[in-house]
Amino acid sequence: MDPKLEWGPEQLRKSKKENLYVRKNGRRKGNIILGTVKILVMGWLLSKAITPWTGLFDWKNVFPNYGYRIEDARKAQANSLVFGSSTIAHHIIPSVLDSITKEQGLIWHNFGFLKTVPPESFNLAGQLINRAQKGEIKVLLFEVLPEEDHKLADAKNLRHVAQFNLIEVIRRIRHLPWKAPGQSESNWEQCEILIRGWAEHLIGFAKKSNYNTPSPPFIPTTATRGFIELTQDTWKTGRLNAEREEWRQSSDSLLAQQVFIAKDFDYRKNLDNPTINWNCVGRVGPIMNQMESLHNKCAKKDIQCIFYFQKLWDTNGCIYFAYLNKWGANDVIETMGYEDHMELYSIEDRYGEQHLLKGGALKLTEDIGEQIAARMR
């Protein structure tokens, strides 16, 4: 007899028992997954309902200099913004840009902040654009810098936690340099930090007391519309002071190195392959994608988006030439070369290797203003 046909009461009982246990196991797993999803959804809903009421993530609380700068820009009726790190805050004088772009009817405000680099800078600039009414902003000048990895402390730093909502965390994970060789371990570490930051963002309302730490001192810049002048005695401590001390000891050699790099950039501009011997594999795409996204956001609000490359830092050269190759030179300006920007290489105008005193800031602002005006005529 065919064994398949030998099906008696005993086998039937076993079959029912097996099916019963399979169903129970399946239900148990399904209940765990469903329960977890319910908890996450409830946590998200609680966060959405309670966090705004606590004011935990208000800009004046999270990032005071950013929040007050938004108010100052509105009071000044500024319709054009320049966005970037300290090399914008200390280098771009809005009143000088006003005079150069007067024919275009532009009134400028400086949105430069210490350590504001990608991916954070793209997020902060994007939030400004999203909040603006159509026609409120005419021009956004955005400083392109290399990306910096998140530190573990960022997962509990209020300035970062406030930005780590689910959409932003997913955006940052997507734009990690996944195609760069040897970056896999670092990328997964970054993912862990970002996910921890999102969890902190989600339950931040329940831990508000943890964030009651003194905010960095607010630097009033209402009169200068965001510009912060550096003097030879500025910042007795910290990173700027270290830069200043190094400059005092070896300014000639440091400036000679900068001139050499700038001349190398000039030479490369005329090569068929201007990025030869540079290693930027897998690191250009993430920045280019974020530039394209910011440009598209601006286009929807009728804002002219101009990308600014100040120096040949890390991957900047590769990104600059990739941008030219894909989109052309209409919406990009640079001060990375030497021949067209020789006035920027004076020792007397320097605070340090990377930062300028007011005399240098004046020259740099005039250079940038002329480039912007030329693109708008």
# chains A, B, ... in the order shown; residues from 1 in each chain; ligands from 1
$ residues_around --residues "Asp349 of chain A" --least-positions-apart "5" --cutoff "9 Å" --atoms "only C-alpha atoms" --output "JSON, numbers by chain"
{"A": [344, 356, 357, 358, 359, 360, 361]}
$ write_last_selection --atoms "C-alpha atoms" --output "compact mmCIF listing (two decimals), in the first residue's frame"
# COMPACT_ATOMS: atom_id res chain seq x y z
CA LEU A 344 43.20 87.06 -0.56
CA LEU A 356 40.60 86.13 8.16
CA LEU A 357 40.76 89.42 10.02
CA LYS A 358 38.29 92.12 8.98
CA GLY A 359 40.58 93.42 6.21
CA GLY A 360 40.68 89.97 4.63
CA ALA A 361 36.94 89.51 5.15
$ closest_atom_pairs --of "segment 323-346 of chain A" --to "segment 143-151 of chain A" --cutoff "10 Å" --atoms "only C-alpha atoms" --output "tab-separated table"
residue	atom	partner	partner_atom	distance
A:Val332	CA	A:Glu143	CA	10.0
A:Ile333	CA	A:Glu143	CA	9.7
A:Glu334	CA	A:Glu143	CA	9.7
$ closest_residue --among "A:Asn79, A:Val259, A:Lys115, A:Leu312" --to "Trp278 of chain A" --atoms "only C-alpha atoms"
A:Leu312
$ closest_residue --among "A:Ile306, A:Ala125, A:Met342, A:Cys280" --to "Lys263 of chain A" --atoms "only C-alpha atoms"
A:Met342
$ closest_residue --among "A:Val284, A:Ile50, A:Val161, A:Leu34" --to "Glu120 of chain A" --atoms "only C-alpha atoms"
A:Val161
$ closest_residue --among "A:Trp53, A:Trp198, A:Glu370, A:Val62" --to "Tyr211 of chain A" --atoms "only C-alpha atoms"
A:Val62
$ residues_around --residues "Asn110 of chain A" --least-positions-apart "2" --cutoff "9 Å" --atoms "only C-alpha atoms" --output "PDB file with all heavy atoms, in the first residue's frame"
ATOM      1  N   ARG A  69      19.251  84.425  15.004  1.00  0.00           N
ATOM      2  CA  ARG A  69      19.651  84.898  13.672  1.00  0.00           C
ATOM      3  C   ARG A  69      18.441  84.922  12.727  1.00  0.00           C
ATOM      4  O   ARG A  69      18.334  85.810  11.874  1.00  0.00           O
ATOM      5  CB  ARG A  69      20.748  83.992  13.119  1.00  0.00           C
ATOM      6  CG  ARG A  69      21.692  84.633  12.122  1.00  0.00           C
ATOM      7  CD  ARG A  69      22.701  85.556  12.786  1.00  0.00           C
ATOM      8  NE  ARG A  69      23.633  84.890  13.671  1.00  0.00           N
ATOM      9  CZ  ARG A  69      24.740  84.275  13.289  1.00  0.00           C
ATOM     10  NH1 ARG A  69      25.064  84.234  12.022  1.00  0.00           N
ATOM     11  NH2 ARG A  69      25.538  83.736  14.181  1.00  0.00           N
ATOM     12  N   ALA A  73      17.221  88.302  10.833  1.00  0.00           N
ATOM     13  CA  ALA A  73      17.085  88.380   9.376  1.00  0.00           C
ATOM     14  C   ALA A  73      15.720  88.934   8.987  1.00  0.00           C
ATOM     15  O   ALA A  73      15.602  89.732   8.043  1.00  0.00           O
ATOM     16  CB  ALA A  73      17.295  87.001   8.760  1.00  0.00           C
ATOM     17  N   SER A  80      18.190  87.734   1.097  1.00  0.00           N
ATOM     18  CA  SER A  80      19.254  86.878   0.574  1.00  0.00           C
ATOM     19  C   SER A  80      20.107  86.388   1.741  1.00  0.00           C
ATOM     20  O   SER A  80      20.445  87.169   2.641  1.00  0.00           O
ATOM     21  CB  SER A  80      20.119  87.635  -0.436  1.00  0.00           C
ATOM     22  OG  SER A  80      19.334  88.063  -1.542  1.00  0.00           O
ATOM     23  N   LEU A  81      20.454  85.110   1.722  1.00  0.00           N
ATOM     24  CA  LEU A  81      21.154  84.495   2.840  1.00  0.00           C
ATOM     25  C   LEU A  81      22.446  83.844   2.372  1.00  0.00           C
ATOM     26  O   LEU A  81      22.502  83.276   1.279  1.00  0.00           O
ATOM     27  CB  LEU A  81      20.279  83.421   3.499  1.00  0.00           C
ATOM     28  CG  LEU A  81      18.816  83.787   3.800  1.00  0.00           C
ATOM     29  CD1 LEU A  81      18.077  82.579   4.343  1.00  0.00           C
ATOM     30  CD2 LEU A  81      18.754  84.956   4.782  1.00  0.00           C
ATOM     31  N   VAL A  82      23.481  83.950   3.210  1.00  0.00           N
ATOM     32  CA  VAL A  82      24.714  83.215   2.946  1.00  0.00           C
ATOM     33  C   VAL A  82      24.901  82.246   4.102  1.00  0.00           C
ATOM     34  O   VAL A  82      24.886  82.634   5.268  1.00  0.00           O
ATOM     35  CB  VAL A  82      25.930  84.154   2.762  1.00  0.00           C
ATOM     36  CG1 VAL A  82      26.075  85.111   3.911  1.00  0.00           C
ATOM     37  CG2 VAL A  82      27.205  83.360   2.571  1.00  0.00           C
ATOM     38  N   PHE A  83      25.030  80.962   3.783  1.00  0.00           N
ATOM     39  CA  PHE A  83      24.933  79.904   4.786  1.00  0.00           C
ATOM     40  C   PHE A  83      26.210  79.079   4.826  1.00  0.00           C
ATOM     41  O   PHE A  83      26.738  78.673   3.796  1.00  0.00           O
ATOM     42  CB  PHE A  83      23.751  78.980   4.447  1.00  0.00           C
ATOM     43  CG  PHE A  83      23.168  78.282   5.640  1.00  0.00           C
ATOM     44  CD1 PHE A  83      22.051  78.776   6.268  1.00  0.00           C
ATOM     45  CD2 PHE A  83      23.776  77.141   6.154  1.00  0.00           C
ATOM     46  CE1 PHE A  83      21.522  78.141   7.385  1.00  0.00           C
ATOM     47  CE2 PHE A  83      23.264  76.505   7.258  1.00  0.00           C
ATOM     48  CZ  PHE A  83      22.131  76.998   7.876  1.00  0.00           C
ATOM     49  N   GLY A  84      26.708  78.796   6.044  1.00  0.00           N
ATOM     50  CA  GLY A  84      27.898  77.972   6.149  1.00  0.00           C
ATOM     51  C   GLY A  84      28.438  77.903   7.554  1.00  0.00           C
ATOM     52  O   GLY A  84      27.708  78.105   8.537  1.00  0.00           O
ATOM     53  N   ILE A  88      32.217  81.344   7.088  1.00  0.00           N
ATOM     54  CA  ILE A  88      31.212  82.292   6.588  1.00  0.00           C
ATOM     55  C   ILE A  88      30.968  83.349   7.666  1.00  0.00           C
ATOM     56  O   ILE A  88      30.967  84.552   7.391  1.00  0.00           O
ATOM     57  CB  ILE A  88      29.898  81.569   6.231  1.00  0.00           C
ATOM     58  CG1 ILE A  88      30.089  80.695   4.988  1.00  0.00           C
ATOM     59  CG2 ILE A  88      28.768  82.570   6.017  1.00  0.00           C
ATOM     60  CD1 ILE A  88      30.410  81.452   3.717  1.00  0.00           C
ATOM     61  N   ALA A  89      30.768  82.907   8.903  1.00  0.00           N
ATOM     62  CA  ALA A  89      30.458  83.829  10.001  1.00  0.00           C
ATOM     63  C   ALA A  89      31.510  84.931  10.134  1.00  0.00           C
ATOM     64  O   ALA A  89      31.179  86.102  10.358  1.00  0.00           O
ATOM     65  CB  ALA A  89      30.353  83.054  11.317  1.00  0.00           C
ATOM     66  N   ILE A  92      32.155  86.935   5.773  1.00  0.00           N
ATOM     67  CA  ILE A  92      31.213  87.572   4.846  1.00  0.00           C
ATOM     68  C   ILE A  92      30.503  88.735   5.541  1.00  0.00           C
ATOM     69  O   ILE A  92      29.826  88.537   6.555  1.00  0.00           O
ATOM     70  CB  ILE A  92      30.178  86.563   4.319  1.00  0.00           C
ATOM     71  CG1 ILE A  92      30.874  85.340   3.721  1.00  0.00           C
ATOM     72  CG2 ILE A  92      29.276  87.237   3.280  1.00  0.00           C
ATOM     73  CD1 ILE A  92      31.813  85.659   2.568  1.00  0.00           C
ATOM     74  N   ILE A  93      30.650  89.938   4.983  1.00  0.00           N
ATOM     75  CA  ILE A  93      30.074  91.156   5.557  1.00  0.00           C
ATOM     76  C   ILE A  93      28.827  91.535   4.745  1.00  0.00           C
ATOM     77  O   ILE A  93      28.932  91.992   3.599  1.00  0.00           O
ATOM     78  CB  ILE A  93      31.089  92.306   5.527  1.00  0.00           C
ATOM     79  CG1 ILE A  93      32.396  91.862   6.203  1.00  0.00           C
ATOM     80  CG2 ILE A  93      30.523  93.550   6.201  1.00  0.00           C
ATOM     81  CD1 ILE A  93      33.529  92.863   6.073  1.00  0.00           C
ATOM     82  N   PRO A  94      27.629  91.333   5.297  1.00  0.00           N
ATOM     83  CA  PRO A  94      26.397  91.565   4.539  1.00  0.00           C
ATOM     84  C   PRO A  94      26.278  92.953   3.936  1.00  0.00           C
ATOM     85  O   PRO A  94      25.810  93.107   2.803  1.00  0.00           O
ATOM     86  CB  PRO A  94      25.299  91.304   5.577  1.00  0.00           C
ATOM     87  CG  PRO A  94      25.912  90.318   6.512  1.00  0.00           C
ATOM     88  CD  PRO A  94      27.349  90.734   6.623  1.00  0.00           C
ATOM     89  N   TRP A 108      21.307  91.289   2.402  1.00  0.00           N
ATOM     90  CA  TRP A 108      21.921  90.033   2.826  1.00  0.00           C
ATOM     91  C   TRP A 108      21.927  89.845   4.339  1.00  0.00           C
ATOM     92  O   TRP A 108      21.937  90.797   5.104  1.00  0.00           O
ATOM     93  CB  TRP A 108      23.355  89.968   2.315  1.00  0.00           C
ATOM     94  CG  TRP A 108      23.432  89.792   0.827  1.00  0.00           C
ATOM     95  CD1 TRP A 108      23.410  90.780  -0.119  1.00  0.00           C
ATOM     96  CD2 TRP A 108      23.516  88.562   0.126  1.00  0.00           C
ATOM     97  NE1 TRP A 108      23.486  90.221  -1.372  1.00  0.00           N
ATOM     98  CE2 TRP A 108      23.552  88.870  -1.258  1.00  0.00           C
ATOM     99  CE3 TRP A 108      23.584  87.221   0.514  1.00  0.00           C
ATOM    100  CZ2 TRP A 108      23.645  87.883  -2.238  1.00  0.00           C
ATOM    101  CZ3 TRP A 108      23.665  86.237  -0.455  1.00  0.00           C
ATOM    102  CH2 TRP A 108      23.695  86.578  -1.817  1.00  0.00           C
ATOM    103  N   GLY A 112      26.280  82.045   9.171  1.00  0.00           N
ATOM    104  CA  GLY A 112      27.454  81.214   9.395  1.00  0.00           C
ATOM    105  C   GLY A 112      27.558  80.856  10.864  1.00  0.00           C
ATOM    106  O   GLY A 112      27.424  81.717  11.728  1.00  0.00           O
ATOM    107  N   THR A 224      25.429  93.796  12.768  1.00  0.00           N
ATOM    108  CA  THR A 224      26.283  93.347  11.653  1.00  0.00           C
ATOM    109  C   THR A 224      25.603  92.274  10.809  1.00  0.00           C
ATOM    110  O   THR A 224      26.218  91.734   9.890  1.00  0.00           O
ATOM    111  CB  THR A 224      27.609  92.790  12.182  1.00  0.00           C
ATOM    112  OG1 THR A 224      27.338  91.709  13.088  1.00  0.00           O
ATOM    113  CG2 THR A 224      28.402  93.864  12.900  1.00  0.00           C
ATOM    114  N   ARG A 225      24.347  91.968  11.128  1.00  0.00           N
ATOM    115  CA  ARG A 225      23.568  90.966  10.385  1.00  0.00           C
ATOM    116  C   ARG A 225      24.299  89.626  10.257  1.00  0.00           C
ATOM    117  O   ARG A 225      24.381  89.034   9.201  1.00  0.00           O
ATOM    118  CB  ARG A 225      23.183  91.498   9.007  1.00  0.00           C
ATOM    119  CG  ARG A 225      22.016  92.482   9.072  1.00  0.00           C
ATOM    120  CD  ARG A 225      21.598  92.936   7.715  1.00  0.00           C
ATOM    121  NE  ARG A 225      22.331  94.116   7.289  1.00  0.00           N
ATOM    122  CZ  ARG A 225      22.485  94.483   6.019  1.00  0.00           C
ATOM    123  NH1 ARG A 225      21.983  93.736   5.054  1.00  0.00           N
ATOM    124  NH2 ARG A 225      23.163  95.567   5.719  1.00  0.00           N
ATOM    125  N   GLY A 226      24.825  89.162  11.374  1.00  0.00           N
ATOM    126  CA  GLY A 226      25.417  87.832  11.434  1.00  0.00           C
ATOM    127  C   GLY A 226      26.919  87.792  11.308  1.00  0.00           C
ATOM    128  O   GLY A 226      27.542  86.777  11.670  1.00  0.00           O
ATOM    129  N   PHE A 227      27.529  88.838  10.796  1.00  0.00           N
ATOM    130  CA  PHE A 227      28.985  88.850  10.645  1.00  0.00           C
ATOM    131  C   PHE A 227      29.646  89.021  12.014  1.00  0.00           C
ATOM    132  O   PHE A 227      29.254  89.877  12.798  1.00  0.00           O
ATOM    133  CB  PHE A 227      29.419  89.981   9.718  1.00  0.00           C
ATOM    134  CG  PHE A 227      30.911  90.219   9.701  1.00  0.00           C
ATOM    135  CD1 PHE A 227      31.768  89.259   9.193  1.00  0.00           C
ATOM    136  CD2 PHE A 227      31.442  91.401  10.207  1.00  0.00           C
ATOM    137  CE1 PHE A 227      33.152  89.477   9.176  1.00  0.00           C
ATOM    138  CE2 PHE A 227      32.808  91.628  10.197  1.00  0.00           C
ATOM    139  CZ  PHE A 227      33.669  90.659   9.689  1.00  0.00           C
TER     140      PHE A 227
END
$ atom_distance --atom1 "atom CA of Glu229 of chain A" --atom2 "atom CA of Phe111 of chain A"
13.9 Å
$ closest_residue --among "A:His91, A:His201, A:Arg283, A:Lys300" --to "Gln183 of chain A" --atoms "only C-alpha atoms"
A:Arg283
$ closest_residue --among "A:Leu140, A:Gly352, A:Ser209, A:Thr116" --to "Gln249 of chain A" --atoms "only C-alpha atoms"
A:Gly352
$ residues_around --residues "Ile100 of chain A" --least-positions-apart "3" --cutoff "7 Å" --atoms "only C-alpha atoms" --output "VMD selection string"
chain A and resid 96 to 97 369 to 370
$ select_by_dssp --residues "segment 145-265 of chain A" --states "alpha helix (DSSP H)" --output "count of residues only"
61
$ select_by_dssp --residues "segment 283-318 of chain A" --states "strand (DSSP E or B)" --output "ChimeraX atom specification"
/A:304-309
$ write_last_selection --atoms "N, CA, C and O atoms" --output "PDB file, in the first residue's frame"
ATOM      1  N   GLN A 304      17.233  81.627  -6.092  1.00  0.00           N
ATOM      2  CA  GLN A 304      18.441  81.271  -6.826  1.00  0.00           C
ATOM      3  C   GLN A 304      19.455  80.703  -5.834  1.00  0.00           C
ATOM      4  O   GLN A 304      19.879  81.377  -4.903  1.00  0.00           O
ATOM      5  N   CYS A 305      19.825  79.458  -6.043  1.00  0.00           N
ATOM      6  CA  CYS A 305      20.763  78.766  -5.161  1.00  0.00           C
ATOM      7  C   CYS A 305      22.153  78.786  -5.800  1.00  0.00           C
ATOM      8  O   CYS A 305      22.328  78.321  -6.925  1.00  0.00           O
ATOM      9  N   ILE A 306      23.121  79.348  -5.075  1.00  0.00           N
ATOM     10  CA  ILE A 306      24.495  79.418  -5.566  1.00  0.00           C
ATOM     11  C   ILE A 306      25.402  78.697  -4.572  1.00  0.00           C
ATOM     12  O   ILE A 306      25.354  78.975  -3.371  1.00  0.00           O
ATOM     13  N   PHE A 307      26.194  77.760  -5.053  1.00  0.00           N
ATOM     14  CA  PHE A 307      27.102  77.004  -4.199  1.00  0.00           C
ATOM     15  C   PHE A 307      28.490  77.643  -4.220  1.00  0.00           C
ATOM     16  O   PHE A 307      29.009  77.983  -5.285  1.00  0.00           O
ATOM     17  N   TYR A 308      29.065  77.776  -3.044  1.00  0.00           N
ATOM     18  CA  TYR A 308      30.343  78.463  -2.892  1.00  0.00           C
ATOM     19  C   TYR A 308      31.413  77.512  -2.348  1.00  0.00           C
ATOM     20  O   TYR A 308      31.234  76.882  -1.307  1.00  0.00           O
ATOM     21  N   PHE A 309      32.535  77.405  -3.072  1.00  0.00           N
ATOM     22  CA  PHE A 309      33.679  76.609  -2.643  1.00  0.00           C
ATOM     23  C   PHE A 309      34.792  77.570  -2.246  1.00  0.00           C
ATOM     24  O   PHE A 309      35.377  78.231  -3.099  1.00  0.00           O
TER      25      PHE A 309
END
$ residues_around --residues "Ile170 of chain A" --least-positions-apart "4" --cutoff "10 Å" --atoms "only C-alpha atoms" --output "ChimeraX atom specification"
/A:164-166,174-175,191,194-195,198
$ atom_distance --atom1 "atom CA of Ile287 of chain A" --atom2 "atom CA of Met336 of chain A"
18.1 Å
$ residues_around --residues "Leu158 of chain A" --least-positions-apart "4" --cutoff "10 Å" --atoms "only C-alpha atoms" --output "MDAnalysis selection string"
chainID A and resid 56:57 61:63 153:154 162:164 197 200:201 204 208 210:213 215
